[in-house]
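Notes follow once the structure below has been shown.
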Amino acid sequence: MGKRILIIDDEPHIIKVIKSRLEINDYEVITASDGEEGMEKVKTDSPDLIVLDMLMPKMDGYTFVRELKNTGKKIPVIVLTAKHEVEGTFIEGEVKECILKPFQPDDLLNKINKHLKA
Amino acid sequence: MKKKRAASKSVKDKNSRAIARKNLQSNKGYEELPIQIVPDILYEIDTKGKFTFISNAIKDAGYEPVDLIGKHFKTILHPDDYKKASHAHVITKYKGRVTGDAGAPKLFDERRTGSRGTKNLELRMAIKKKNKDEKKDYCYVEISSAGKWYKSIRDHRKKFKGTIGIIRDITERKKAEKILKTTQKKLRENALRLQKNNRVIHKLNKELEKKNIRLQELDKLKTEFISTVSHELRTPLTSIREGVSQVLEGILGGISDKQREFLSMSLEDIDRLGRIINDLLDISKIEENKIEIKREMVDISELARYARSTLLKQAEDKGLKIKEKYPRHKTKLYVNKDKIIQVFINLIGNAIKFTKEGHITISVKEKKDEVECVVADTGIGISAKNKARIFERFHQINRASGPGAKGTGLGLAIAKGIIEAHKGSIRVESRTKKGSRFIFTIPRDTKESVSRKFVASSVREAIKKETTLSVLVFDFENLDVLKQKIGSKKITTLVKNLDSLVGENLRRGDDISVKGARAILVMLPATGKEGAVMVARRLQQVLSDYLAQERMDDQEIMCDVVGLPEDRQNAEKMLNRIDKKKK
């Protein structure tokens, strides 16, 4: 089995299609529907990379990035957001990339690959 | 006895009047009395109110003094004012015993003396018209008078002898008073009108204020709305796109050719929808003047070349050539690189779309104060009617059919917005069936002059409007030592690299960095001092890291922070400082 990727998004449809895309490309996928659940999964499942949505109930992406920084864990994060103003500007903590939804699958896969290798 | 006395008195009176008249007629001495030259009219009347003397000044009113002797005082009064001059009327103004016939005009029957006399009683005096053309038959006068008494030899009682008085023409004063009155009336009316106008203005002002607030709210709502809508549209579009994409790729199982055709059509339009959302956001940003001022010095030909390269395949697929004409040397302009590339792409994309055969020509030409860029084609052209509306939003003409991405109808509106945000202009020349030429110009401005102007004006405006704005200045601690160590040329390179680093690390579009010869100035609009200090620390860290990497960790980067409005005194100093360092 390949590397383990955690998808955090409150939209089940989006989780489903990304999961499908990543699994075809031989990644192991775990999912969470908000930041809080995401933090749990970080602790219990130690993912190699996180694909993170920004606007979510309970704990949003911004808070998640801060919380992750506090744990000291160096897990690369790729932000996948529908917020135009976040695109390319939110590079903080472990956030390596900011991709705007809807995304081009090759773009996402290339970026995941790049940061898993690094 | 009583009767006899009365008769003798009457005879005596008659005699005295006759003597008086005789005196006035004949006696030159009377004429020469000093009182004759007083401009006011002096008079004397007897107990019956009849003149025994009147001075020559009465002549001005058309009377001959001689004619008035023996006549009653009311002869010279305006009939409407008899009542005013009546004994009772006058007396009631004063305290004391009222005597005589209350109804008759008897101002002249002053059985009082001294301060108890009549003072300044205003009346109209009848004027004897010299000719018929004279309009007025009266003038205003003011009369003061007092009684004349004598002590009877017989019973030693004081007896009333008549009245002596003075008549003063107050026509001029009355005129002045009248003017004053009308003026006062007008002033009052004007004041009232002004008050009314003021109320109206006040009301309008309030309405304007309300409307202004409402507009601001609406503007904010609009921005939020567009941002929210685009977010809400993008989320479902993401799963649709990815779903369609995976089915189309056959990842989820085999599909027929027909299915593939339809799914790829869907995918194309999903991407088009994505572009429309982006364009809409761009348009709303341009309208809000929020187009990022992330400007840098770039060779404009390079941007045109890049845009051409991204569209070359599309053109070649249609059998079109894209010719280029650039100046030999670099044409550096201080622009937002990505936005200008977007303008070229929009224009070249349109040219490809509307040209069936022939070629497209991109050219860059340097002019004195500006750079002119042209994208020309040999396509279908634009009619004069459409030319006027071509830069409007969603104004699509002759929608191109066939292969290739479809437009959003916003491309030219965005191009216009971007060029105008650079203080340039865009226009089109076209002939139907011959082709079109889109020409845009951008003013030449060195980065330094633009930035200095921009920063200085922003700082001044922030001071004036008391808005929040922060300025950071980074420089080396011991510049002179460093200069000796590595030379000024290297310092220039170093500052340049540090400036790029600062630029890369600024997060918001409105933030701007200005490179001086030996210092870097960063402007953070709408950032308070606290926030600015945080940004300063972060940037300082980035710069120190870079220096360490360059093995110059002994160099320290200094940073001054000025936060407006609180540090307004230091702002000018700081601007001067960066100016000086540039020289």
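FYI, nothing fancy with the structure tokens labels: chains A, B, ... in order, residues from 1 per chain, ligands from 1 as they appear.
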
Can you tell me, as a ChimeraX atom specification, what residues are no more than 9 Å from A:His13 when counting only C-alpha atoms, ignoring any on the same chain fewer than 6 positions away? /B:236,238-240

Using N, CA, C and O atoms, can you export the residues from the last selection as a PDB file, in the first residue's frame?
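Saved result, selection35.pdb, follows:
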ATOM      1  N   PRO B 236     -20.102  22.499  -5.487  1.00  0.00           N
ATOM      2  CA  PRO B 236     -20.720  21.412  -6.267  1.00  0.00           C
ATOM      3  C   PRO B 236     -20.006  21.172  -7.597  1.00  0.00           C
ATOM      4  O   PRO B 236     -19.914  20.035  -8.060  1.00  0.00           O
ATOM      5  N   THR B 238     -16.977  21.170  -8.135  1.00  0.00           N
ATOM      6  CA  THR B 238     -15.798  20.328  -7.902  1.00  0.00           C
ATOM      7  C   THR B 238     -16.134  18.844  -8.015  1.00  0.00           C
ATOM      8  O   THR B 238     -15.450  18.091  -8.712  1.00  0.00           O
ATOM      9  N   SER B 239     -17.226  18.443  -7.328  1.00  0.00           N
ATOM     10  CA  SER B 239     -17.560  17.017  -7.390  1.00  0.00           C
ATOM     11  C   SER B 239     -18.107  16.646  -8.770  1.00  0.00           C
ATOM     12  O   SER B 239     -17.858  15.546  -9.267  1.00  0.00           O
ATOM     13  N   ILE B 240     -18.811  17.604  -9.419  1.00  0.00           N
ATOM     14  CA  ILE B 240     -19.309  17.328 -10.774  1.00  0.00           C
ATOM     15  C   ILE B 240     -18.122  17.118 -11.714  1.00  0.00           C
ATOM     16  O   ILE B 240     -18.042  16.135 -12.449  1.00  0.00           O
TER      17      ILE B 240
END

Specify as a count of residues only all residues of chain A found within 12 Å of chain B, counting only C-alpha atoms. 42

Where does DSSP see alpha helix (DSSP H) in stretch 132-198 of chain B, if you list the residues as number ranges by chain? B: 171-198

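For the pair atom CA of B:Ala126 and atom CA of B:Tyr82, the separation is 11.0 Å.
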
Mind checking DSSP for stretch 173-377 of chain B and telling me the strand (DSSP E or B) residues as a ChimeraX atom specification? /B:296-299,321-325,332-335,359-366,370-377

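Among the candidate residues B:Glu572, B:Leu412, B:Asp169, B:Gly349, the one lying nearest to B:Cys139 is B:Asp169, with distances computed using only C-alpha atoms.
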
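With only C-alpha atoms taken into account, the protein and nucleic acid residues at most 8 Å from B:Thr331 (excluding it and anything under 2 positions from it in its own chain) are Val298, Asp299, Ile300, Ser301, Pro327, His329, Leu333 and Glu366 of chain B.
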
Atoms kept (all heavy atoms) for selection, written as a compact mmCIF listing (two decimals), in the first residue's frame:
# COMPACT_ATOMS: atom_id res chain seq x y z
N VAL B 298 8.90 44.64 -15.55
CA VAL B 298 9.03 43.50 -16.47
C VAL B 298 9.11 44.00 -17.91
O VAL B 298 8.66 45.10 -18.23
CB VAL B 298 7.84 42.52 -16.36
CG1 VAL B 298 7.97 41.65 -15.13
CG2 VAL B 298 6.52 43.25 -16.36
N ASP B 299 9.69 43.14 -18.74
CA ASP B 299 9.77 43.43 -20.16
C ASP B 299 8.43 43.06 -20.78
O ASP B 299 8.02 41.90 -20.75
CB ASP B 299 10.90 42.60 -20.78
CG ASP B 299 10.99 42.79 -22.28
OD1 ASP B 299 10.37 43.74 -22.80
OD2 ASP B 299 11.68 41.99 -22.92
N ILE B 300 7.73 44.05 -21.30
CA ILE B 300 6.38 43.82 -21.78
C ILE B 300 6.37 42.85 -22.97
O ILE B 300 5.44 42.05 -23.12
CB ILE B 300 5.67 45.17 -22.10
CG1 ILE B 300 4.16 44.96 -22.31
CG2 ILE B 300 6.24 45.84 -23.33
CD1 ILE B 300 3.34 45.67 -21.32
N SER B 301 7.42 42.87 -23.78
CA SER B 301 7.50 41.93 -24.90
C SER B 301 7.54 40.49 -24.40
O SER B 301 6.97 39.59 -25.01
CB SER B 301 8.76 42.21 -25.72
OG SER B 301 8.80 43.56 -26.11
N PRO B 327 10.34 45.56 -29.97
CA PRO B 327 11.57 46.36 -30.04
C PRO B 327 12.78 45.46 -29.75
O PRO B 327 12.64 44.43 -29.07
CB PRO B 327 11.40 47.37 -28.91
CG PRO B 327 9.95 47.37 -28.58
CD PRO B 327 9.44 46.02 -28.92
N HIS B 329 15.48 45.98 -27.90
CA HIS B 329 15.86 45.93 -26.48
C HIS B 329 14.62 45.71 -25.61
O HIS B 329 13.49 45.78 -26.09
CB HIS B 329 16.57 47.23 -26.08
CG HIS B 329 15.77 48.43 -26.48
ND1 HIS B 329 14.86 49.00 -25.64
CD2 HIS B 329 15.72 49.12 -27.66
CE1 HIS B 329 14.29 50.01 -26.28
NE2 HIS B 329 14.80 50.10 -27.49
N LEU B 333 8.38 47.88 -18.10
CA LEU B 333 7.25 48.64 -17.56
C LEU B 333 6.96 48.15 -16.16
O LEU B 333 7.19 46.99 -15.83
CB LEU B 333 6.01 48.42 -18.43
CG LEU B 333 5.86 49.27 -19.69
CD1 LEU B 333 4.57 48.90 -20.39
CD2 LEU B 333 5.85 50.76 -19.33
N GLU B 366 7.48 51.32 -28.67
CA GLU B 366 7.77 52.31 -27.63
C GLU B 366 7.46 53.70 -28.13
O GLU B 366 7.88 54.09 -29.22
CB GLU B 366 9.24 52.23 -27.24
CG GLU B 366 9.56 50.99 -26.45
CD GLU B 366 10.94 51.06 -25.86
OE1 GLU B 366 11.18 51.97 -25.02
OE2 GLU B 366 11.78 50.24 -26.22

Nearby residues (only C-alpha atoms) at most 6 Å from B:Ala307, same-chain spacing under 3 positions excluded, as a list in words: Ala304, Thr310, Ile341, Phe344 and Ile345 of chain B

Within 7 Å of A:Glu28, counting only C-alpha atoms, which residues qualify if same-chain residues fewer than 6 places away don't, as a ChimeraX atom specification? /A:1-5

Report as a list in words all protein, DNA and RNA residues lying within 8 Å of stretch 59-64 of chain A, evaluated on only C-alpha atoms, omitting residues in the same chain fewer than 3 positions from it. Asp34, Gly35, Glu36, Gly38, Met39, Leu52, Asp53, Met54, Leu55, Met56, Glu67 and Leu68 of chain A

Residue neighbourhood A:Val95, 10 Å, only C-alpha atoms, exclusion window fewer than 5 positions, as a count of residues only: 11
